[in-house]
>>> print(open('coords_5.csv').read())   # CSV, C-alpha atoms and all ligand atoms
chain,number,residue,atom,x,y,z
Y,1188,MET,CA,75.3,98.1,98.6
Y,1189,THR,CA,78.8,96.6,98.8
Y,1190,ARG,CA,80.0,96.4,102.3
Y,1191,ILE,CA,83.7,96.8,103.0
Y,1192,ALA,CA,85.6,96.1,106.2
Y,1193,PHE,CA,88.7,98.3,106.3
Y,1194,ILE,CA,91.3,97.5,108.9
Y,1195,GLY,CA,94.3,99.9,109.3
Y,1196,LEU,CA,93.6,103.5,108.7
Y,1197,GLY,CA,97.1,105.0,108.9
Y,1198,ASN,CA,98.9,107.2,106.3
Y,1199,MET,CA,97.8,105.0,103.5
Y,1200,GLY,CA,94.7,103.2,104.8
Y,1201,GLY,CA,93.0,106.5,105.8
Y,1202,GLY,CA,92.9,107.8,102.2
Y,1203,MET,CA,92.1,104.4,100.7
Y,1204,ALA,CA,89.1,103.8,103.0
Y,1205,ALA,CA,87.8,107.3,102.3
Y,1206,ASN,CA,87.8,106.5,98.5
Y,1207,GLN,CA,85.8,103.4,99.1
Y,1208,ALA,CA,83.2,105.5,101.0
Y,1209,LYS,CA,83.3,108.2,98.3
Y,1210,ALA,CA,82.5,105.4,95.7
Y,1211,GLY,CA,79.2,104.8,97.6
Y,1212,ARG,CA,80.3,101.7,99.5
Y,1213,GLU,CA,79.4,101.0,103.1
Y,1214,VAL,CA,82.7,101.1,104.9
Y,1215,MET,CA,83.1,99.6,108.4
Y,1216,ALA,CA,86.5,100.8,109.6
Y,1217,PHE,CA,88.8,99.8,112.4
Y,1218,ASP,CA,92.2,100.9,113.7
Y,1219,LEU,CA,93.8,100.7,117.1
Y,1220,SER,CA,94.3,104.5,117.0
Y,1221,ALA,CA,91.3,106.5,118.0
Y,1222,ALA,CA,92.6,109.5,116.0
Y,1223,ALA,CA,92.8,107.5,112.8
Y,1224,LEU,CA,89.3,106.2,113.5
Y,1225,ASP,CA,87.9,109.7,114.0
Y,1226,LYS,CA,89.5,110.8,110.7
Y,1227,ALA,CA,87.9,107.8,108.9
Y,1228,LYS,CA,84.5,108.8,110.4
Y,1229,ALA,CA,84.9,112.3,109.1
Y,1230,ALA,CA,85.6,110.8,105.7
Y,1231,GLY,CA,82.3,108.9,105.6
Y,1232,CYS,CA,83.3,105.5,107.1
Y,1233,ALA,CA,81.4,103.9,110.0
Y,1234,PRO,CA,83.8,103.3,113.0
Y,1235,ALA,CA,83.8,99.7,114.4
Y,1236,ALA,CA,84.8,98.8,117.9
Y,1237,SER,CA,86.9,95.8,116.8
Y,1238,VAL,CA,88.1,93.9,113.8
Y,1239,ALA,CA,85.5,91.3,114.6
Y,1240,GLU,CA,82.7,93.9,114.5
Y,1241,ALA,CA,84.1,95.5,111.3
Y,1242,VAL,CA,84.2,92.2,109.3
Y,1243,LYS,CA,80.7,91.1,110.3
Y,1244,GLY,CA,78.5,90.8,107.1
Y,1245,ALA,CA,81.3,92.2,104.9
Y,1246,ASP,CA,81.5,91.5,101.2
Y,1247,ALA,CA,85.2,92.3,101.2
Y,1248,VAL,CA,87.8,92.8,103.9
Y,1249,ILE,CA,90.8,95.1,103.1
Y,1250,THR,CA,93.7,95.3,105.5
Y,1251,MET,CA,96.5,98.0,105.4
Y,1252,LEU,CA,98.7,97.1,108.3
Y,1253,PRO,CA,102.4,97.9,109.1
Y,1254,ALA,CA,104.1,94.5,108.6
Y,1255,GLY,CA,103.9,90.7,108.4
Y,1256,PRO,CA,103.4,89.9,112.1
Y,1257,HIS,CA,100.4,92.3,112.3
Y,1258,VAL,CA,98.9,90.7,109.2
Y,1259,ARG,CA,99.4,87.2,110.4
Y,1260,GLN,CA,97.9,88.0,113.8
Y,1261,VAL,CA,94.9,90.0,112.6
Y,1262,TYR,CA,93.9,87.3,110.0
Y,1263,ALA,CA,94.5,84.3,112.3
Y,1264,GLU,CA,92.8,85.8,115.4
Y,1265,GLN,CA,90.2,88.1,114.1
Y,1266,VAL,CA,89.4,88.1,110.4
Y,1267,LEU,CA,89.2,84.3,109.7
Y,1268,PRO,CA,87.2,83.4,112.8
Y,1269,HIS,CA,84.7,86.3,112.3
Y,1270,ALA,CA,84.3,87.2,108.5
Y,1271,PRO,CA,81.6,85.5,106.4
Y,1272,LYS,CA,83.2,82.8,104.2
Y,1273,SER,CA,81.8,84.6,101.1
Y,1274,ALA,CA,84.0,87.7,101.9
Y,1275,LEU,CA,86.9,88.4,99.6
Y,1276,LEU,CA,90.0,89.0,101.7
Y,1277,ILE,CA,92.5,91.5,100.3
Y,1278,ASP,CA,95.7,92.4,102.2
Y,1279,CYS,CA,97.3,95.6,100.8
Y,1280,SER,CA,100.1,95.9,103.4
Y,1281,THR,CA,103.7,95.4,102.3
Y,1282,ILE,CA,104.9,92.2,103.9
Y,1283,ASP,CA,107.3,89.3,103.3
Y,1284,VAL,CA,106.4,86.8,100.7
Y,1285,GLU,CA,106.3,83.9,103.2
Y,1286,SER,CA,103.8,85.6,105.5
Y,1287,ALA,CA,101.6,86.4,102.4
Y,1288,ARG,CA,101.7,82.7,101.3
Y,1289,ALA,CA,101.1,81.5,104.9
Y,1290,VAL,CA,98.0,83.7,105.4
Y,1291,ALA,CA,96.7,82.8,101.9
Y,1292,ALA,CA,97.0,79.1,102.8
Y,1293,GLN,CA,95.2,79.6,106.1
Y,1294,ALA,CA,92.5,81.6,104.4
Y,1295,LYS,CA,92.0,79.0,101.6
Y,1296,ALA,CA,91.9,76.2,104.1
Y,1297,ALA,CA,89.2,78.0,106.0
Y,1298,GLY,CA,87.2,78.4,102.7
Y,1299,PHE,CA,88.0,82.0,101.8
Y,1300,ARG,CA,89.3,83.7,98.7
Y,1301,PHE,CA,92.4,85.7,99.5
Y,1302,ALA,CA,94.8,88.1,97.7
Y,1303,ASP,CA,98.0,89.8,98.5
Y,1304,ALA,CA,97.6,93.2,96.9
Y,1305,PRO,CA,100.3,95.7,97.9
Y,1306,VAL,CA,100.3,99.2,96.5
Y,1307,SER,CA,102.6,101.8,95.0
Y,1308,GLY,CA,102.2,105.5,94.8
Y,1309,GLY,CA,102.5,107.0,98.3
Y,1310,THR,CA,100.0,108.9,100.4
Y,1311,ALA,CA,99.1,111.4,97.6
Y,1312,ALA,CA,98.0,108.5,95.4
Y,1313,ALA,CA,96.2,106.9,98.3
Y,1314,GLU,CA,94.2,110.1,98.8
Y,1315,ALA,CA,93.6,110.6,95.1
Y,1316,GLY,CA,92.6,107.0,94.4
Y,1317,THR,CA,95.4,106.5,91.9
Y,1318,LEU,CA,97.5,103.8,93.4
Y,1319,ALA,CA,99.1,101.0,91.4
Y,1320,PHE,CA,98.1,97.5,92.8
Y,1321,MET,CA,100.2,94.3,92.4
Y,1322,VAL,CA,98.0,91.3,93.1
Y,1323,GLY,CA,98.9,87.7,93.9
Y,1324,CYS,CA,95.8,85.5,93.8
Y,1325,ASP,CA,94.1,82.6,92.1
Y,1326,GLU,CA,93.3,83.6,88.6
Y,1327,PRO,CA,89.5,83.2,88.7
Y,1328,ASP,CA,89.3,85.6,91.7
Y,1329,PHE,CA,91.1,88.5,89.9
Y,1330,PRO,CA,88.0,90.2,88.3
Y,1331,ALA,CA,86.2,90.4,91.7
Y,1332,ILE,CA,89.4,91.7,93.4
Y,1333,GLU,CA,89.8,94.3,90.6
Y,1334,ASP,CA,86.3,95.5,91.2
Y,1335,ILE,CA,86.7,95.9,94.9
Y,1336,ILE,CA,90.1,97.7,94.4
Y,1337,SER,CA,88.8,100.0,91.6
Y,1338,PRO,CA,87.9,103.2,93.7
Y,1339,MET,CA,91.5,103.2,95.1
Y,1340,SER,CA,93.4,102.4,91.9
Y,1341,ARG,CA,94.9,103.9,88.7
Y,1342,VAL,CA,96.1,100.5,87.5
Y,1343,THR,CA,95.9,96.9,88.8
Y,1344,PHE,CA,98.2,94.1,87.8
Y,1345,ARG,CA,97.8,90.4,88.5
Y,1346,ALA,CA,101.5,89.6,89.2
Y,1347,GLY,CA,100.8,85.8,89.6
Y,1348,ASP,CA,99.8,83.4,92.3
Y,1349,HIS,CA,99.7,84.1,96.1
Y,1350,GLY,CA,102.9,85.9,97.1
Y,1351,ALA,CA,103.7,87.3,93.6
Y,1352,GLY,CA,102.2,90.7,94.5
Y,1353,GLN,CA,104.5,91.0,97.5
Y,1354,ALA,CA,107.5,89.8,95.3
Y,1355,ALA,CA,106.7,92.6,92.8
Y,1356,LYS,CA,106.3,95.1,95.6
Y,1357,ILE,CA,109.7,94.5,97.4
Y,1358,CYS,CA,111.5,94.5,94.1
Y,1359,ASN,CA,109.8,97.8,93.2
Y,1360,ASN,CA,110.6,99.3,96.6
Y,1361,MET,CA,114.3,98.3,96.3
Y,1362,VAL,CA,114.4,100.4,93.1
Y,1363,LEU,CA,112.7,103.2,95.0
Y,1364,GLY,CA,115.0,103.1,98.0
Y,1365,ILE,CA,118.1,103.1,95.8
Y,1366,SER,CA,116.8,105.8,93.4
Y,1367,MET,CA,115.8,108.1,96.3
Y,1368,ILE,CA,119.4,107.9,97.7
Y,1369,GLY,CA,120.8,108.6,94.2
Y,1370,VAL,CA,118.5,111.7,93.8
Y,1371,CYS,CA,119.4,113.0,97.3
Y,1372,GLU,CA,123.2,112.6,96.6
Y,1373,ALA,CA,122.8,114.5,93.3
Y,1374,LEU,CA,120.7,117.3,94.9
Y,1375,ALA,CA,123.3,117.7,97.7
Y,1376,LEU,CA,126.1,117.7,95.2
Y,1377,ALA,CA,124.3,120.3,93.0
Y,1378,GLU,CA,124.0,122.5,96.0
Y,1379,LYS,CA,127.7,122.1,96.9
Y,1380,LEU,CA,128.6,123.0,93.3
Y,1381,GLY,CA,126.7,126.2,93.5
Y,1382,LEU,CA,123.9,125.0,91.2
Y,1383,ASP,CA,120.4,125.9,92.4
Y,1384,PRO,CA,118.9,122.4,93.3
Y,1385,VAL,CA,115.5,123.6,92.0
Y,1386,LYS,CA,117.1,124.4,88.6
Y,1387,PHE,CA,118.8,121.0,88.8
Y,1388,HIS,CA,115.4,119.4,89.4
Y,1389,GLU,CA,114.0,121.1,86.3
Y,1390,ILE,CA,116.9,120.1,84.1
Y,1391,SER,CA,117.2,116.5,85.3
Y,1392,SER,CA,113.5,115.9,85.1
Y,1393,GLN,CA,113.8,116.5,81.4
Y,1394,SER,CA,117.1,114.6,81.1
Y,1395,SER,CA,118.3,111.0,81.7
Y,1396,GLY,CA,118.3,111.4,85.5
Y,1397,GLN,CA,114.5,111.5,85.4
Y,1398,CYS,CA,112.8,109.1,87.8
Y,1399,TRP,CA,109.8,108.9,90.1
Y,1400,SER,CA,111.9,109.9,93.2
Y,1401,LEU,CA,112.8,113.1,91.4
Y,1402,THR,CA,109.7,114.1,89.5
Y,1403,SER,CA,106.9,112.8,91.6
Y,1404,TYR,CA,108.4,112.8,95.1
Y,1405,CYS,CA,111.2,115.4,95.0
Y,1406,PRO,CA,113.1,115.3,98.4
Y,1407,TRP,CA,114.0,119.0,97.9
Y,1408,PRO,CA,111.1,121.3,99.0
Y,1409,GLY,CA,109.4,123.3,96.2
Y,1410,PRO,CA,109.3,121.6,92.8
Y,1411,VAL,CA,106.6,118.9,93.7
Y,1412,PRO,CA,104.0,120.5,95.9
Y,1413,THR,CA,102.4,117.2,97.0
Y,1414,ALA,CA,105.8,115.7,98.2
Y,1415,PRO,CA,106.4,115.3,102.0
Y,1416,SER,CA,109.5,117.6,101.6
Y,1417,ASN,CA,107.1,120.5,101.6
Y,1418,ARG,CA,105.7,119.6,105.1
Y,1419,ASP,CA,109.0,118.9,106.9
Y,1420,TYR,CA,108.9,115.3,105.8
Y,1421,GLU,CA,105.8,114.5,108.0
Y,1422,GLY,CA,103.4,111.8,106.9
Y,1423,GLY,CA,104.3,110.1,103.7
Y,1424,PHE,CA,106.2,106.8,103.7
Y,1425,ALA,CA,108.2,106.5,107.0
Y,1426,THR,CA,111.9,105.8,106.9
Y,1427,ALA,CA,111.2,102.8,109.2
Y,1428,MET,CA,108.8,101.4,106.6
Y,1429,MET,CA,111.4,101.8,103.8
Y,1430,LEU,CA,114.0,100.1,106.0
Y,1431,LYS,CA,111.5,97.2,106.6
Y,1432,ASP,CA,111.0,96.8,102.8
Y,1433,LEU,CA,114.8,96.9,102.1
Y,1434,LYS,CA,115.3,94.3,104.7
Y,1435,LEU,CA,112.5,92.1,103.1
Y,1436,ALA,CA,114.3,92.5,99.8
Y,1437,GLN,CA,117.7,91.5,101.3
Y,1438,GLU,CA,116.1,88.5,103.1
Y,1439,ALA,CA,114.4,87.4,99.9
Y,1440,ALA,CA,117.6,87.9,97.9
Y,1441,ALA,CA,119.6,85.8,100.4
Y,1442,LYS,CA,117.0,83.0,100.2
Y,1443,ALA,CA,116.8,83.1,96.4
Y,1444,GLY,CA,120.6,83.3,96.0
Y,1445,ALA,CA,120.3,86.6,94.1
Y,1446,ALA,CA,122.8,89.4,94.3
Y,1447,ALA,CA,121.4,92.8,95.3
Y,1448,PRO,CA,124.5,94.9,96.5
Y,1449,LEU,CA,122.9,98.3,95.9
Y,1450,GLY,CA,119.8,97.2,97.8
Y,1451,ALA,CA,122.2,96.2,100.7
Y,1452,GLN,CA,123.9,99.7,100.6
Y,1453,ALA,CA,120.5,101.4,100.7
Y,1454,GLU,CA,119.4,99.3,103.6
Y,1455,GLY,CA,122.6,100.3,105.5
Y,1456,LEU,CA,122.0,104.0,104.9
Y,1457,TYR,CA,118.4,103.8,105.9
Y,1458,ALA,CA,119.4,101.9,109.1
Y,1459,VAL,CA,121.8,104.7,110.0
Y,1460,PHE,CA,119.2,107.3,109.3
Y,1461,ASP,CA,116.6,105.4,111.4
Y,1462,ARG,CA,119.1,105.2,114.3
Y,1463,LEU,CA,119.7,108.9,114.1
Y,1464,GLY,CA,116.0,109.3,115.1
Y,1465,PHE,CA,114.3,109.8,111.7
Y,1466,GLY,CA,112.3,106.5,111.7
Y,1467,SER,CA,108.9,108.2,111.6
Y,1468,ARG,CA,109.9,110.9,109.1
Y,1469,ASP,CA,109.3,110.4,105.4
Y,1470,PHE,CA,112.1,108.4,103.7
Y,1471,SER,CA,112.9,111.3,101.4
Y,1472,ALA,CA,114.2,113.1,104.5
Y,1473,ILE,CA,117.4,111.1,103.9
Y,1474,LEU,CA,118.5,114.2,101.9
Y,1475,LYS,CA,119.5,115.6,105.3
Y,1476,LEU,CA,122.2,112.9,105.6
Y,1477,PHE,CA,123.8,114.1,102.4
Y,1478,ARG,CA,123.5,117.8,103.2
Y,1479,GLY,CA,125.1,117.1,106.6
Y,1480,ASP,CA,122.1,118.9,108.2
Y,1481,LEU,CA,120.2,116.7,110.7
Y,1482,SER,CA,118.1,119.5,112.1
Y,1501,LIG,P1,100.9,103.6,109.2
Y,1501,LIG,O1,101.7,103.2,110.4
Y,1501,LIG,O2,100.6,105.0,109.0
Y,1501,LIG,O3,99.4,102.8,109.3
Y,1501,LIG,C1,99.3,101.5,109.9
Y,1501,LIG,C2,98.0,101.6,110.7
Y,1501,LIG,O4,97.7,100.2,111.2
Y,1501,LIG,C3,98.1,102.4,112.0
Y,1501,LIG,O5,97.1,103.4,112.0
Y,1501,LIG,C4,98.0,101.4,113.1
Y,1501,LIG,O6,97.3,102.0,114.3
Y,1501,LIG,C5,97.2,100.3,112.5
Y,1501,LIG,N1,97.3,99.1,113.1
Y,1501,LIG,C6,98.4,98.4,113.5
Y,1501,LIG,N2,98.0,97.2,114.1
Y,1501,LIG,C7,96.7,97.1,114.0
Y,1501,LIG,C8,95.7,96.1,114.4
Y,1501,LIG,N3,96.1,95.0,115.0
Y,1501,LIG,N4,94.4,96.4,114.2
Y,1501,LIG,C9,94.0,97.5,113.6
Y,1501,LIG,N5,94.9,98.5,113.2
Y,1501,LIG,C10,96.2,98.3,113.4
Y,1501,LIG,O7,101.5,102.9,107.9
Y,1501,LIG,P2,101.2,103.3,106.4
Y,1501,LIG,O8,102.2,104.3,105.9
Y,1501,LIG,O9,99.8,103.5,106.2
Y,1501,LIG,O10,101.6,101.9,105.7
Y,1501,LIG,C11,100.8,100.7,105.8
Y,1501,LIG,C12,101.4,99.7,104.9
Y,1501,LIG,O11,101.4,100.2,103.6
Y,1501,LIG,C13,102.8,99.2,105.3
Y,1501,LIG,O12,102.9,97.8,105.1
Y,1501,LIG,C14,103.6,100.0,104.3
Y,1501,LIG,O13,104.9,99.4,104.0
Y,1501,LIG,C15,102.7,100.1,103.1
Y,1501,LIG,N6,102.9,101.2,102.1
Y,1501,LIG,C16,103.1,102.5,102.6
Y,1501,LIG,C17,103.2,103.5,101.7
Y,1501,LIG,C18,103.4,105.0,102.2
Y,1501,LIG,O14,103.7,105.8,101.3
Y,1501,LIG,N7,103.1,105.3,103.4
Y,1501,LIG,C19,103.2,103.3,100.3
Y,1501,LIG,C20,103.0,102.0,99.9
Y,1501,LIG,C21,102.9,100.9,100.8
>>> encode(input="coords_5.csv", output="structure tokens")
Amino acid sequence: MTRIAFIGLGNMGGGMAANQAKAGREVMAFDLSAAALDKAKAAGCAPAASVAEAVKGADAVITMLPAGPHVRQVYAEQVLPHAPKSALLIDCSTIDVESARAVAAQAKAAGFRFADAPVSGGTAAAEAGTLAFMVGCDEPDFPAIEDIISPMSRVTFRAGDHGAGQAAKICNNMVLGISMIGVCEALALAEKLGLDPVKFHEISSQSSGQCWSLTSYCPWPGPVPTAPSNRDYEGGFATAMMLKDLKLAQEAAAKAGAAAPLGAQAEGLYAVFDRLGFGSRDFSAILKLFRGDLS
């Protein structure tokens, strides 16, 4: 039986680890949060007492951690010293390209195969096993990576070599951050103009305003039952995480000499919203800013 070590069982990792267990794999799970670990246990994973214990004897190690520093630390201090060299190492967190390349180089030097494999689709797709994966890896390793990823994915792309998965992800999330703000501005304007926002959703979903932020993740409660707007913006993709990704995109743009002015505007708006105390709420809650209702 394939043995998976799953590290990081938060909003995304919880559902992803559960799908590995559902697929009949033996999942050794670890998170710093006892509540997250209990949830994983209820979903069929075996709780481990540490990363070192989880990775023991693993065929693959999957990490789903908040940001670059967590990934660098967990790999350097715990995964690389304790996992078997045959284990396939797959980091699904969204982190900066430099950290992804640094961890890949360390893993390779230690004799491991490594992939950066960030995901898109949100918590509903994490639970349903329908995420899109963007993989940066050595080409010969891709089929084995695809096989490990399969219970969690709808589609998997090899974006290129190490770091290319993260490059694809931060560009994608810059589109997402900008489009969510556009959708929120339009919904708030529709309301002000006396147009029912739900009716606007119906119309624009079939018109040229159609986009994922509107049709799959509508920030207005009602039209998309799985969207965090229906549960007071709890869970989902935290504002602080979106802000992190927009910062990553701006840093990458500055280093590459690329212009990304709308990405910069989106970063500024999410920074304000974060400062107002909404860092842990889903990023679609930024609708509140445009409605002038911060309750
Ligand atoms: P989260 O904060 O809900 O989960 C992260 C988990 O990592 C937490 O449970 C935390 O306790 C755990 N953790 C932190 N440090 C750890 C350590 N040293 N050892 C073990 N566990 C540790 O975050 P999330 O929403 O699940 O996001 C995880 C990653 O996925 C982020 O990089 C995020 O940008 C990315 N992402 C999130 C979404 C989304 O919709 N939430 C979508 C795509 C990508």
>>> residues_around(input="coords_5.csv", residues="Ala1425 (chain Y)", least_positions_apart="4", cutoff="6 Å", atoms="all atoms listed in the file", output="mmCIF file with C-alpha atoms, in the coordinates of the input")
data_model
loop_
_atom_site.group_PDB
_atom_site.id
_atom_site.type_symbol
_atom_site.label_atom_id
_atom_site.label_comp_id
_atom_site.auth_asym_id
_atom_site.auth_seq_id
_atom_site.Cartn_x
_atom_site.Cartn_y
_atom_site.Cartn_z
ATOM 1 C CA SER Y 1467 108.900 108.200 111.600
ATOM 2 C CA ARG Y 1468 109.900 110.900 109.100
ATOM 3 C CA ASP Y 1469 109.300 110.400 105.400
ATOM 4 C CA PHE Y 1470 112.100 108.400 103.700
#
>>> closest_residue(input="coords_5.csv", among="Y:Leu1267, Y:Cys1358, Y:Val1284, Y:Ile1277", to="Ala1296 (chain Y)", atoms="all atoms listed in the file")
Y:Leu1267
>>> residues_around(input="coords_5.csv", residues="Leu1401 (chain Y)", least_positions_apart="2", cutoff="8 Å", atoms="all atoms listed in the file", output="PyMOL selection string")
chain Y and resi 1367+1370+1388+1392+1397-1399+1403-1406
>>> residues_around(input="coords_5.csv", residues="region 1221-1238 of chain Y", least_positions_apart="6", cutoff="7 Å", atoms="only C-alpha atoms", output="list in words")
Ile1194, Leu1196, Gly1197, Gly1201, Ala1205, Ala1208, Val1214, Met1215, Gln1265 and Val1266 of chain Y
>>> closest_residue(input="coords_5.csv", among="Y:Asp1480, Y:Asp1283, Y:Asp1432, Y:Glu1378", to="Met1361 (chain Y)", atoms="only C-alpha atoms")
Y:Asp1432
>>> atom_distance(input="coords_5.csv", atom1="CA of Asn1360 (chain Y)", atom2="CA of Val1322 (chain Y)")
15.3 Å
>>> residues_near_ligand(input="coords_5.csv", ligand="ligand LIG 1501 (chain Y)", cutoff="9 Å", atoms="only C-alpha atoms and all ligand atoms", output="PyMOL selection string")
chain Y and resi 1194-1201+1217-1224+1237-1238+1250-1255+1257-1258+1260-1261+1279-1282+1305-1313+1318+1356+1360+1422-1425+1427-1429+1431-1432+1467+1469
>>> write_last_selection(input="coords_5.csv", atoms="C-alpha atoms", output="PDB file, keeping the file's coordinate frame")
ATOM      1  CA  ILE Y1194      91.300  97.500 108.900  1.00  0.00           C
ATOM      2  CA  GLY Y1195      94.300  99.900 109.300  1.00  0.00           C
ATOM      3  CA  LEU Y1196      93.600 103.500 108.700  1.00  0.00           C
ATOM      4  CA  GLY Y1197      97.100 105.000 108.900  1.00  0.00           C
ATOM      5  CA  ASN Y1198      98.900 107.200 106.300  1.00  0.00           C
ATOM      6  CA  MET Y1199      97.800 105.000 103.500  1.00  0.00           C
ATOM      7  CA  GLY Y1200      94.700 103.200 104.800  1.00  0.00           C
ATOM      8  CA  GLY Y1201      93.000 106.500 105.800  1.00  0.00           C
ATOM      9  CA  PHE Y1217      88.800  99.800 112.400  1.00  0.00           C
ATOM     10  CA  ASP Y1218      92.200 100.900 113.700  1.00  0.00           C
ATOM     11  CA  LEU Y1219      93.800 100.700 117.100  1.00  0.00           C
ATOM     12  CA  SER Y1220      94.300 104.500 117.000  1.00  0.00           C
ATOM     13  CA  ALA Y1221      91.300 106.500 118.000  1.00  0.00           C
ATOM     14  CA  ALA Y1222      92.600 109.500 116.000  1.00  0.00           C
ATOM     15  CA  ALA Y1223      92.800 107.500 112.800  1.00  0.00           C
ATOM     16  CA  LEU Y1224      89.300 106.200 113.500  1.00  0.00           C
ATOM     17  CA  SER Y1237      86.900  95.800 116.800  1.00  0.00           C
ATOM     18  CA  VAL Y1238      88.100  93.900 113.800  1.00  0.00           C
ATOM     19  CA  THR Y1250      93.700  95.300 105.500  1.00  0.00           C
ATOM     20  CA  MET Y1251      96.500  98.000 105.400  1.00  0.00           C
ATOM     21  CA  LEU Y1252      98.700  97.100 108.300  1.00  0.00           C
ATOM     22  CA  PRO Y1253     102.400  97.900 109.100  1.00  0.00           C
ATOM     23  CA  ALA Y1254     104.100  94.500 108.600  1.00  0.00           C
ATOM     24  CA  GLY Y1255     103.900  90.700 108.400  1.00  0.00           C
ATOM     25  CA  HIS Y1257     100.400  92.300 112.300  1.00  0.00           C
ATOM     26  CA  VAL Y1258      98.900  90.700 109.200  1.00  0.00           C
ATOM     27  CA  GLN Y1260      97.900  88.000 113.800  1.00  0.00           C
ATOM     28  CA  VAL Y1261      94.900  90.000 112.600  1.00  0.00           C
ATOM     29  CA  CYS Y1279      97.300  95.600 100.800  1.00  0.00           C
ATOM     30  CA  SER Y1280     100.100  95.900 103.400  1.00  0.00           C
ATOM     31  CA  THR Y1281     103.700  95.400 102.300  1.00  0.00           C
ATOM     32  CA  ILE Y1282     104.900  92.200 103.900  1.00  0.00           C
ATOM     33  CA  PRO Y1305     100.300  95.700  97.900  1.00  0.00           C
ATOM     34  CA  VAL Y1306     100.300  99.200  96.500  1.00  0.00           C
ATOM     35  CA  SER Y1307     102.600 101.800  95.000  1.00  0.00           C
ATOM     36  CA  GLY Y1308     102.200 105.500  94.800  1.00  0.00           C
ATOM     37  CA  GLY Y1309     102.500 107.000  98.300  1.00  0.00           C
ATOM     38  CA  THR Y1310     100.000 108.900 100.400  1.00  0.00           C
ATOM     39  CA  ALA Y1311      99.100 111.400  97.600  1.00  0.00           C
ATOM     40  CA  ALA Y1312      98.000 108.500  95.400  1.00  0.00           C
ATOM     41  CA  ALA Y1313      96.200 106.900  98.300  1.00  0.00           C
ATOM     42  CA  LEU Y1318      97.500 103.800  93.400  1.00  0.00           C
ATOM     43  CA  LYS Y1356     106.300  95.100  95.600  1.00  0.00           C
ATOM     44  CA  ASN Y1360     110.600  99.300  96.600  1.00  0.00           C
ATOM     45  CA  GLY Y1422     103.400 111.800 106.900  1.00  0.00           C
ATOM     46  CA  GLY Y1423     104.300 110.100 103.700  1.00  0.00           C
ATOM     47  CA  PHE Y1424     106.200 106.800 103.700  1.00  0.00           C
ATOM     48  CA  ALA Y1425     108.200 106.500 107.000  1.00  0.00           C
ATOM     49  CA  ALA Y1427     111.200 102.800 109.200  1.00  0.00           C
ATOM     50  CA  MET Y1428     108.800 101.400 106.600  1.00  0.00           C
ATOM     51  CA  MET Y1429     111.400 101.800 103.800  1.00  0.00           C
ATOM     52  CA  LYS Y1431     111.500  97.200 106.600  1.00  0.00           C
ATOM     53  CA  ASP Y1432     111.000  96.800 102.800  1.00  0.00           C
ATOM     54  CA  SER Y1467     108.900 108.200 111.600  1.00  0.00           C
ATOM     55  CA  ASP Y1469     109.300 110.400 105.400  1.00  0.00           C
TER      56      ASP Y1469
END
>>> residues_around(input="coords_5.csv", residues="region 1324-1338 of chain Y", least_positions_apart="6", cutoff="8 Å", atoms="all atoms listed in the file", output="ChimeraX atom specification")
/Y:1206-1207,1210,1247,1275,1277,1300-1303,1316,1345,1347-1350
>>> atom_distance(input="coords_5.csv", atom1="CA of Val1242 (chain Y)", atom2="CA of Arg1212 (chain Y)")
14.2 Å
>>> residues_near_point(input="coords_5.csv", point="(121.2, 95.1, 93.3)", cutoff="10 Å", atoms="all atoms listed in the file", output="list in words")
Cys1358, Met1361, Val1362, Ile1365, Ala1436, Gln1437, Ala1440, Ala1445, Ala1446, Ala1447, Pro1448, Leu1449, Gly1450, Ala1451, Gln1452 and Ala1453 of chain Y
>>> write_last_selection(input="coords_5.csv", atoms="C-alpha atoms", output="mmCIF file, in the coordinates of the input")
data_model
loop_
_atom_site.group_PDB
_atom_site.id
_atom_site.type_symbol
_atom_site.label_atom_id
_atom_site.label_comp_id
_atom_site.auth_asym_id
_atom_site.auth_seq_id
_atom_site.Cartn_x
_atom_site.Cartn_y
_atom_site.Cartn_z
ATOM 1 C CA CYS Y 1358 111.500 94.500 94.100
ATOM 2 C CA MET Y 1361 114.300 98.300 96.300
ATOM 3 C CA VAL Y 1362 114.400 100.400 93.100
ATOM 4 C CA ILE Y 1365 118.100 103.100 95.800
ATOM 5 C CA ALA Y 1436 114.300 92.500 99.800
ATOM 6 C CA GLN Y 1437 117.700 91.500 101.300
ATOM 7 C CA ALA Y 1440 117.600 87.900 97.900
ATOM 8 C CA ALA Y 1445 120.300 86.600 94.100
ATOM 9 C CA ALA Y 1446 122.800 89.400 94.300
ATOM 10 C CA ALA Y 1447 121.400 92.800 95.300
ATOM 11 C CA PRO Y 1448 124.500 94.900 96.500
ATOM 12 C CA LEU Y 1449 122.900 98.300 95.900
ATOM 13 C CA GLY Y 1450 119.800 97.200 97.800
ATOM 14 C CA ALA Y 1451 122.200 96.200 100.700
ATOM 15 C CA GLN Y 1452 123.900 99.700 100.600
ATOM 16 C CA ALA Y 1453 120.500 101.400 100.700
#
>>> closest_residue(input="coords_5.csv", among="Y:Ala1304, Y:Ile1368, Y:Leu1476, Y:Leu1382", to="Phe1344 (chain Y)", atoms="only C-alpha atoms")
Y:Ala1304
>>> closest_residue(input="coords_5.csv", among="Y:Pro1384, Y:Gly1464, Y:Gly1352, Y:Gly1244", to="Pro1410 (chain Y)", atoms="all atoms listed in the file")
Y:Pro1384
>>> atom_distance(input="coords_5.csv", atom1="CA of Ala1287 (chain Y)", atom2="CA of Gln1353 (chain Y)")
7.3 Å
>>> closest_residue(input="coords_5.csv", among="Y:Arg1418, Y:Gly1409, Y:Ala1292, Y:Thr1426", to="Arg1462 (chain Y)", atoms="all atoms listed in the file")
Y:Thr1426
